[in-house]
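Novice: Provided below: input_12.txt, containing compact mmCIF, N, CA, C and O atoms and all ligand atoms.
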```txt
# COMPACT_ATOMS: atom_id res chain seq x y z
N MET M 1 -0.17 17.75 9.05
CA MET M 1 -1.35 16.93 9.36
C MET M 1 -1.57 16.92 10.86
O MET M 1 -0.65 16.74 11.64
N GLU M 2 -2.82 17.03 11.23
CA GLU M 2 -3.20 17.03 12.65
C GLU M 2 -3.15 15.60 13.20
O GLU M 2 -3.67 14.68 12.54
N PRO M 3 -2.57 15.36 14.39
CA PRO M 3 -2.56 14.00 14.95
C PRO M 3 -4.00 13.46 15.12
O PRO M 3 -4.89 14.19 15.55
N GLY M 4 -4.19 12.16 14.79
CA GLY M 4 -5.50 11.55 14.96
C GLY M 4 -6.49 11.92 13.87
O GLY M 4 -7.69 11.61 13.97
N LYS M 5 -6.00 12.55 12.81
CA LYS M 5 -6.89 12.97 11.70
C LYS M 5 -6.30 12.47 10.38
O LYS M 5 -5.10 12.26 10.26
N ALA M 6 -7.15 12.31 9.38
CA ALA M 6 -6.71 12.00 8.02
C ALA M 6 -7.51 12.86 7.05
O ALA M 6 -8.67 13.21 7.34
N ILE M 7 -6.87 13.20 5.94
CA ILE M 7 -7.57 13.98 4.92
C ILE M 7 -8.13 13.02 3.88
O ILE M 7 -7.40 12.21 3.30
N LEU M 8 -9.44 13.06 3.68
CA LEU M 8 -10.10 12.24 2.66
C LEU M 8 -10.31 13.08 1.41
O LEU M 8 -10.91 14.15 1.48
N GLY M 9 -9.82 12.59 0.29
CA GLY M 9 -10.03 13.31 -0.96
C GLY M 9 -11.06 12.60 -1.82
O GLY M 9 -11.05 11.36 -1.90
N SER M 10 -11.94 13.33 -2.42
CA SER M 10 -12.92 12.73 -3.33
C SER M 10 -13.24 13.74 -4.43
O SER M 10 -12.67 14.83 -4.45
N GLN M 11 -14.15 13.36 -5.31
CA GLN M 11 -14.55 14.28 -6.39
C GLN M 11 -15.16 15.56 -5.83
O GLN M 11 -15.15 16.60 -6.47
N ASP M 12 -15.68 15.47 -4.61
CA ASP M 12 -16.33 16.64 -4.01
C ASP M 12 -15.35 17.52 -3.23
O ASP M 12 -15.77 18.50 -2.62
N GLY M 13 -14.08 17.12 -3.19
CA GLY M 13 -13.10 17.92 -2.46
C GLY M 13 -12.48 17.14 -1.32
O GLY M 13 -12.47 15.91 -1.34
N GLU M 14 -11.94 17.85 -0.35
CA GLU M 14 -11.25 17.20 0.77
C GLU M 14 -12.01 17.42 2.07
O GLU M 14 -12.63 18.47 2.25
N SER M 15 -11.92 16.42 2.97
CA SER M 15 -12.50 16.60 4.29
C SER M 15 -11.58 15.96 5.32
O SER M 15 -10.84 15.02 5.02
N LEU M 16 -11.63 16.50 6.53
CA LEU M 16 -10.80 16.00 7.62
C LEU M 16 -11.63 15.04 8.46
O LEU M 16 -12.74 15.38 8.90
N VAL M 17 -11.12 13.79 8.66
CA VAL M 17 -11.87 12.81 9.44
C VAL M 17 -10.99 12.26 10.57
O VAL M 17 -9.76 12.31 10.48
N ASP M 18 -11.63 11.76 11.63
CA ASP M 18 -10.89 11.12 12.72
C ASP M 18 -10.31 9.79 12.21
O ASP M 18 -11.01 9.03 11.55
N ALA M 19 -9.03 9.52 12.50
CA ALA M 19 -8.42 8.25 12.08
C ALA M 19 -7.19 7.97 12.93
O ALA M 19 -6.41 8.88 13.18
N ASP M 20 -7.04 6.72 13.37
CA ASP M 20 -5.80 6.37 14.05
C ASP M 20 -4.90 5.52 13.15
O ASP M 20 -3.73 5.31 13.44
N SER M 21 -5.44 5.02 12.04
CA SER M 21 -4.65 4.25 11.07
C SER M 21 -5.11 4.60 9.66
O SER M 21 -6.28 4.93 9.45
N VAL M 22 -4.19 4.49 8.71
CA VAL M 22 -4.55 4.67 7.30
C VAL M 22 -4.03 3.46 6.54
O VAL M 22 -2.86 3.08 6.68
N ILE M 23 -4.90 2.81 5.78
CA ILE M 23 -4.51 1.64 4.99
C ILE M 23 -4.38 2.06 3.54
O ILE M 23 -5.31 2.63 2.97
N LEU M 24 -3.21 1.78 2.97
CA LEU M 24 -2.95 2.16 1.59
C LEU M 24 -3.26 1.00 0.66
O LEU M 24 -2.75 -0.11 0.87
N CYS M 25 -4.08 1.20 -0.35
CA CYS M 25 -4.41 0.15 -1.31
C CYS M 25 -3.86 0.55 -2.68
O CYS M 25 -4.09 1.68 -3.12
N VAL M 26 -3.15 -0.36 -3.31
CA VAL M 26 -2.61 -0.08 -4.64
C VAL M 26 -3.13 -1.13 -5.61
O VAL M 26 -3.44 -2.24 -5.23
N SER M 27 -3.16 -0.78 -6.87
CA SER M 27 -3.74 -1.70 -7.84
C SER M 27 -2.73 -2.77 -8.25
O SER M 27 -1.54 -2.65 -8.01
N TYR M 28 -3.23 -3.82 -8.88
CA TYR M 28 -2.38 -4.90 -9.35
C TYR M 28 -2.49 -5.03 -10.86
O TYR M 28 -2.68 -6.10 -11.38
N ARG M 29 -2.39 -3.93 -11.54
CA ARG M 29 -2.46 -3.95 -13.01
C ARG M 29 -1.09 -3.56 -13.55
O ARG M 29 -0.52 -2.55 -13.14
N ALA M 30 -0.57 -4.38 -14.47
CA ALA M 30 0.75 -4.09 -15.03
C ALA M 30 0.71 -2.79 -15.84
O ALA M 30 -0.23 -2.56 -16.59
N GLU M 31 1.75 -1.98 -15.68
CA GLU M 31 1.86 -0.71 -16.39
C GLU M 31 2.88 -0.90 -17.52
O GLU M 31 4.07 -0.95 -17.26
N LYS M 32 2.40 -1.02 -18.76
CA LYS M 32 3.27 -1.39 -19.87
C LYS M 32 3.50 -0.27 -20.87
O LYS M 32 3.97 -0.52 -21.97
N SER M 33 3.14 0.95 -20.52
CA SER M 33 3.18 2.03 -21.53
C SER M 33 4.58 2.30 -22.06
O SER M 33 4.75 2.57 -23.26
N LEU M 34 5.61 2.21 -21.18
CA LEU M 34 6.98 2.46 -21.66
C LEU M 34 7.39 1.37 -22.65
O LEU M 34 7.97 1.65 -23.70
N TYR M 35 7.06 0.11 -22.32
CA TYR M 35 7.35 -1.01 -23.22
C TYR M 35 6.63 -0.83 -24.57
O TYR M 35 7.25 -0.98 -25.63
N GLU M 36 5.34 -0.48 -24.50
CA GLU M 36 4.57 -0.31 -25.74
C GLU M 36 5.15 0.80 -26.61
O GLU M 36 5.19 0.71 -27.83
N ALA M 37 5.64 1.87 -25.95
CA ALA M 37 6.20 3.00 -26.69
C ALA M 37 7.54 2.65 -27.34
O ALA M 37 7.89 3.22 -28.37
N CYS M 38 8.27 1.72 -26.75
CA CYS M 38 9.63 1.41 -27.22
C CYS M 38 9.72 0.18 -28.12
O CYS M 38 10.65 0.06 -28.91
N LYS M 39 8.80 -0.75 -27.99
CA LYS M 39 9.01 -2.08 -28.57
C LYS M 39 9.21 -2.10 -30.08
O LYS M 39 9.95 -2.93 -30.59
N ASN M 40 8.60 -1.18 -30.80
CA ASN M 40 8.76 -1.17 -32.25
C ASN M 40 9.79 -0.14 -32.73
O ASN M 40 9.99 0.02 -33.92
N LYS M 41 10.42 0.53 -31.78
CA LYS M 41 11.40 1.57 -32.15
C LYS M 41 12.83 1.16 -31.83
O LYS M 41 13.76 1.78 -32.31
N LEU M 42 13.00 0.16 -30.98
CA LEU M 42 14.33 -0.27 -30.57
C LEU M 42 14.49 -1.74 -30.92
O LEU M 42 13.51 -2.50 -30.95
N PRO M 43 15.74 -2.18 -31.21
CA PRO M 43 15.93 -3.56 -31.69
C PRO M 43 15.58 -4.63 -30.66
O PRO M 43 15.01 -5.66 -31.01
N GLU M 44 15.95 -4.46 -29.41
CA GLU M 44 15.66 -5.50 -28.42
C GLU M 44 15.05 -4.89 -27.17
O GLU M 44 15.73 -4.24 -26.39
N VAL M 45 13.77 -5.07 -27.00
CA VAL M 45 13.09 -4.54 -25.82
C VAL M 45 12.40 -5.71 -25.13
O VAL M 45 11.67 -6.47 -25.77
N ARG M 46 12.66 -5.90 -23.84
CA ARG M 46 12.06 -7.00 -23.10
C ARG M 46 11.11 -6.45 -22.05
O ARG M 46 11.37 -5.43 -21.44
N LEU M 47 10.04 -7.17 -21.85
CA LEU M 47 9.05 -6.80 -20.84
C LEU M 47 9.23 -7.74 -19.65
O LEU M 47 9.01 -8.95 -19.76
N ILE M 48 9.67 -7.19 -18.53
CA ILE M 48 9.95 -8.03 -17.35
C ILE M 48 9.36 -7.41 -16.09
O ILE M 48 8.91 -6.27 -16.10
N GLY M 49 9.41 -8.18 -15.02
CA GLY M 49 9.02 -7.66 -13.71
C GLY M 49 7.53 -7.33 -13.64
O GLY M 49 6.70 -7.93 -14.33
N ASP M 50 7.22 -6.36 -12.81
CA ASP M 50 5.81 -5.99 -12.60
C ASP M 50 5.16 -5.48 -13.88
O ASP M 50 3.94 -5.58 -14.03
N ALA M 51 5.94 -4.93 -14.79
CA ALA M 51 5.37 -4.43 -16.04
C ALA M 51 4.80 -5.60 -16.85
O ALA M 51 3.84 -5.43 -17.61
N ASN M 52 5.40 -6.77 -16.69
CA ASN M 52 4.91 -7.95 -17.40
C ASN M 52 3.78 -8.61 -16.62
O ASN M 52 2.75 -8.96 -17.19
N ASN M 53 4.01 -8.78 -15.32
CA ASN M 53 3.02 -9.45 -14.48
C ASN M 53 3.26 -9.00 -13.04
O ASN M 53 4.33 -9.29 -12.48
N VAL M 54 2.33 -8.31 -12.46
CA VAL M 54 2.53 -7.79 -11.10
C VAL M 54 2.68 -8.94 -10.13
O VAL M 54 1.81 -9.81 -10.04
N SER M 55 3.82 -8.96 -9.44
CA SER M 55 4.07 -10.05 -8.50
C SER M 55 4.91 -9.53 -7.34
O SER M 55 4.50 -8.58 -6.69
N ASN M 56 6.11 -10.12 -7.15
CA ASN M 56 6.96 -9.63 -6.04
C ASN M 56 8.39 -9.48 -6.54
O ASN M 56 8.70 -9.77 -7.69
N ILE M 57 9.26 -9.05 -5.64
CA ILE M 57 10.63 -8.71 -6.06
C ILE M 57 11.38 -9.93 -6.58
O ILE M 57 12.22 -9.81 -7.49
N MET M 58 11.06 -11.13 -6.07
CA MET M 58 11.76 -12.33 -6.54
C MET M 58 11.47 -12.58 -8.02
O MET M 58 12.37 -12.91 -8.79
N TYR M 59 10.22 -12.42 -8.43
CA TYR M 59 9.88 -12.63 -9.84
C TYR M 59 10.56 -11.59 -10.72
O TYR M 59 11.02 -11.90 -11.82
N ALA M 60 10.63 -10.35 -10.24
CA ALA M 60 11.29 -9.30 -11.02
C ALA M 60 12.78 -9.63 -11.20
O ALA M 60 13.33 -9.48 -12.30
N ILE M 61 13.41 -10.13 -10.13
CA ILE M 61 14.84 -10.49 -10.22
C ILE M 61 15.04 -11.69 -11.13
O ILE M 61 15.96 -11.72 -11.96
N TRP M 62 14.16 -12.69 -11.03
CA TRP M 62 14.29 -13.86 -11.90
C TRP M 62 14.12 -13.48 -13.37
O TRP M 62 14.86 -13.95 -14.24
N ASP M 63 13.12 -12.63 -13.64
CA ASP M 63 12.92 -12.15 -15.02
C ASP M 63 14.19 -11.49 -15.53
O ASP M 63 14.65 -11.75 -16.65
N ALA M 64 14.76 -10.60 -14.73
CA ALA M 64 15.96 -9.86 -15.14
C ALA M 64 17.14 -10.82 -15.32
O ALA M 64 17.93 -10.68 -16.26
N TYR M 65 17.24 -11.80 -14.44
CA TYR M 65 18.33 -12.78 -14.53
C TYR M 65 18.22 -13.56 -15.85
O TYR M 65 19.22 -13.78 -16.54
N GLU M 66 17.00 -13.99 -16.20
CA GLU M 66 16.81 -14.74 -17.44
C GLU M 66 17.22 -13.92 -18.66
O GLU M 66 17.86 -14.43 -19.57
N VAL M 67 16.85 -12.65 -18.66
CA VAL M 67 17.25 -11.79 -19.78
C VAL M 67 18.76 -11.60 -19.79
O VAL M 67 19.42 -11.77 -20.83
N ALA M 68 19.32 -11.27 -18.64
CA ALA M 68 20.76 -11.00 -18.56
C ALA M 68 21.58 -12.23 -18.95
O ALA M 68 22.62 -12.10 -19.60
N SER M 69 21.11 -13.42 -18.60
CA SER M 69 21.89 -14.62 -18.88
C SER M 69 21.84 -15.03 -20.35
O SER M 69 22.58 -15.91 -20.78
N THR M 70 20.97 -14.41 -21.13
CA THR M 70 20.91 -14.74 -22.57
C THR M 70 21.50 -13.64 -23.44
O THR M 70 21.42 -13.71 -24.67
N LEU M 71 22.08 -12.61 -22.85
CA LEU M 71 22.66 -11.52 -23.64
C LEU M 71 23.98 -11.96 -24.25
O LEU M 71 24.72 -12.71 -23.66
C1 LIG E 101 3.37 -1.16 -1.40
C2 LIG E 101 4.14 -2.32 -1.99
C3 LIG E 101 4.78 -3.20 -1.13
C4 LIG E 101 5.48 -4.27 -1.63
N1 LIG E 101 6.08 -5.14 -0.77
C5 LIG E 101 6.79 -6.14 -1.24
C6 LIG E 101 7.47 -7.03 -0.35
O1 LIG E 101 7.41 -6.90 0.88
N2 LIG E 101 8.18 -8.05 -0.90
C7 LIG E 101 8.28 -8.24 -2.25
O2 LIG E 101 8.97 -9.17 -2.68
N3 LIG E 101 7.65 -7.41 -3.11
C8 LIG E 101 6.91 -6.38 -2.64
N4 LIG E 101 6.25 -5.54 -3.50
C9 LIG E 101 6.34 -5.81 -4.94
C10 LIG E 101 7.69 -5.34 -5.49
O3 LIG E 101 7.91 -3.98 -5.05
C11 LIG E 101 7.63 -5.39 -7.02
O4 LIG E 101 7.24 -6.67 -7.42
C12 LIG E 101 9.00 -5.07 -7.61
O5 LIG E 101 9.44 -3.81 -7.16
C13 LIG E 101 8.92 -5.11 -9.13
O6 LIG E 101 10.15 -4.66 -9.63
P1 LIG E 101 10.21 -4.01 -11.07
O7 LIG E 101 11.64 -3.65 -11.29
O8 LIG E 101 9.55 -4.90 -12.06
O9 LIG E 101 9.31 -2.70 -10.99
P2 LIG E 101 9.52 -1.37 -10.10
O10 LIG E 101 10.26 -1.67 -8.83
O11 LIG E 101 8.16 -0.75 -10.01
O12 LIG E 101 10.48 -0.48 -10.99
C14 LIG E 101 10.01 0.11 -12.19
C15 LIG E 101 10.73 1.44 -12.31
O13 LIG E 101 10.46 2.00 -13.61
C16 LIG E 101 10.12 3.35 -13.45
N5 LIG E 101 9.28 3.74 -14.59
C17 LIG E 101 8.04 3.33 -14.87
N6 LIG E 101 7.58 3.91 -16.00
C18 LIG E 101 8.59 4.67 -16.44
C19 LIG E 101 8.74 5.54 -17.56
N7 LIG E 101 7.77 5.70 -18.47
N8 LIG E 101 9.92 6.19 -17.70
C20 LIG E 101 10.91 6.03 -16.79
N9 LIG E 101 10.82 5.24 -15.71
C21 LIG E 101 9.67 4.57 -15.55
C22 LIG E 101 9.42 3.47 -12.13
O14 LIG E 101 9.48 4.77 -11.61
C23 LIG E 101 10.23 2.47 -11.29
O15 LIG E 101 11.34 3.09 -10.68
C24 LIG E 101 5.55 -4.47 -3.03
C25 LIG E 101 4.92 -3.57 -3.88
C26 LIG E 101 4.22 -2.51 -3.37
C27 LIG E 101 3.55 -1.55 -4.31
```
Go ahead and render the structure in this file as structure tokens.
Specialist:
Amino acid sequence: MEPGKAILGSQDGESLVDADSVILCVSYRAEKSLYEACKNKLPEVRLIGDANNVSNIMYAIWDAYEVASTL
């Protein structure tokens, strides 16, 4: 990558633009496909963490702790 430049990708292809910073945006939608694929095939499947509700690392750890403490 050229210093001071960023590559913009779109449906029309890629273009090189002047940029001194790049801001990354990610979605906040839970990704549950692995859970959906497993839940009726395995005896005990739990949905925890961001897959259940996108939040932060503390919620993911608390979810895991709750499951682990009831095993
Ligand atoms: C850019 C960014 C910055 C963040 N900064 C902070 C922060 O500063 N502080 C904070 O507390 N939280 C932060 N978070 C949120 C935090 O990262 C998440 O809440 C936390 O990682 C959720 O943990 P998790 O174990 O539920 O999911 P993840 O950490 O996402 O772990 C899920 C794992 O499952 C794997 N996986 C998914 N689907 C499949 C599949 N089909 N087969 C096999 N493996 C699969 C993934 O590759 C991943 O390794 C940030 C999140 C992002 C995106």
Novice: Which protein, DNA or RNA residues have an atom at most 10 Å from (-2.5, -3.9, -14.3), counting only C-alpha atoms? List them as a list in words.
Specialist: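 The answer, in the requested form, is Ser27, Tyr28, Arg29, Ala30, Glu31, Lys32, Asp50, Ala51, Asn52, Asn53 and Val54 of chain M.
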Novice: Using atom C of M:Ala6 and atom O of M:Val22 as the two end points, give the distance in Å to one decimal.
Specialist: 10.8 Å
Novice: Apply DSSP to the backbone of this structure and, from chain M, keep only the residues in strand (DSSP E or B); write these as number ranges by chain.
Specialist: M: 5-10, 13-18
Novice: Between M:Glu66, M:Ile23, M:Asn40, M:Leu34, single out the one closest to ligand LIG 101 (chain E), counting all atoms listed in the file.
Specialist: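 Counting all atoms listed in the file, the residue closest to ligand LIG 101 (chain E) is M:Leu34.
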Novice: Would you give me, as JSON lines, each residue of chain M having an atom within 5 Å of an atom of ligand LIG 101 (chain E), along with its shortest atom pair and that distance in Å to one decimal, using all atoms listed in the file and sorting by chain and residue number?
Specialist:
```
{"residue": "M:Leu34", "atom": "CA", "partner": "E:LIG101", "partner_atom": "N7", "distance": 4.6}
{"residue": "M:Ile48", "atom": "O", "partner": "E:LIG101", "partner_atom": "O8", "distance": 4.3}
{"residue": "M:Gly49", "atom": "CA", "partner": "E:LIG101", "partner_atom": "O8", "distance": 3.3}
{"residue": "M:Asp50", "atom": "N", "partner": "E:LIG101", "partner_atom": "O8", "distance": 2.9}
{"residue": "M:Ala51", "atom": "N", "partner": "E:LIG101", "partner_atom": "O8", "distance": 4.5}
{"residue": "M:Ser55", "atom": "O", "partner": "E:LIG101", "partner_atom": "O4", "distance": 3.4}
{"residue": "M:Asn56", "atom": "C", "partner": "E:LIG101", "partner_atom": "O4", "distance": 3.2}
{"residue": "M:Ile57", "atom": "N", "partner": "E:LIG101", "partner_atom": "O2", "distance": 3.0}
{"residue": "M:Met58", "atom": "N", "partner": "E:LIG101", "partner_atom": "O2", "distance": 4.4}
{"residue": "M:Ala60", "atom": "CA", "partner": "E:LIG101", "partner_atom": "O8", "distance": 4.8}
```
Novice: By how many Å are atom CA of M:Gly4 and atom CA of M:Leu16 apart?
Specialist: 10.1 Å
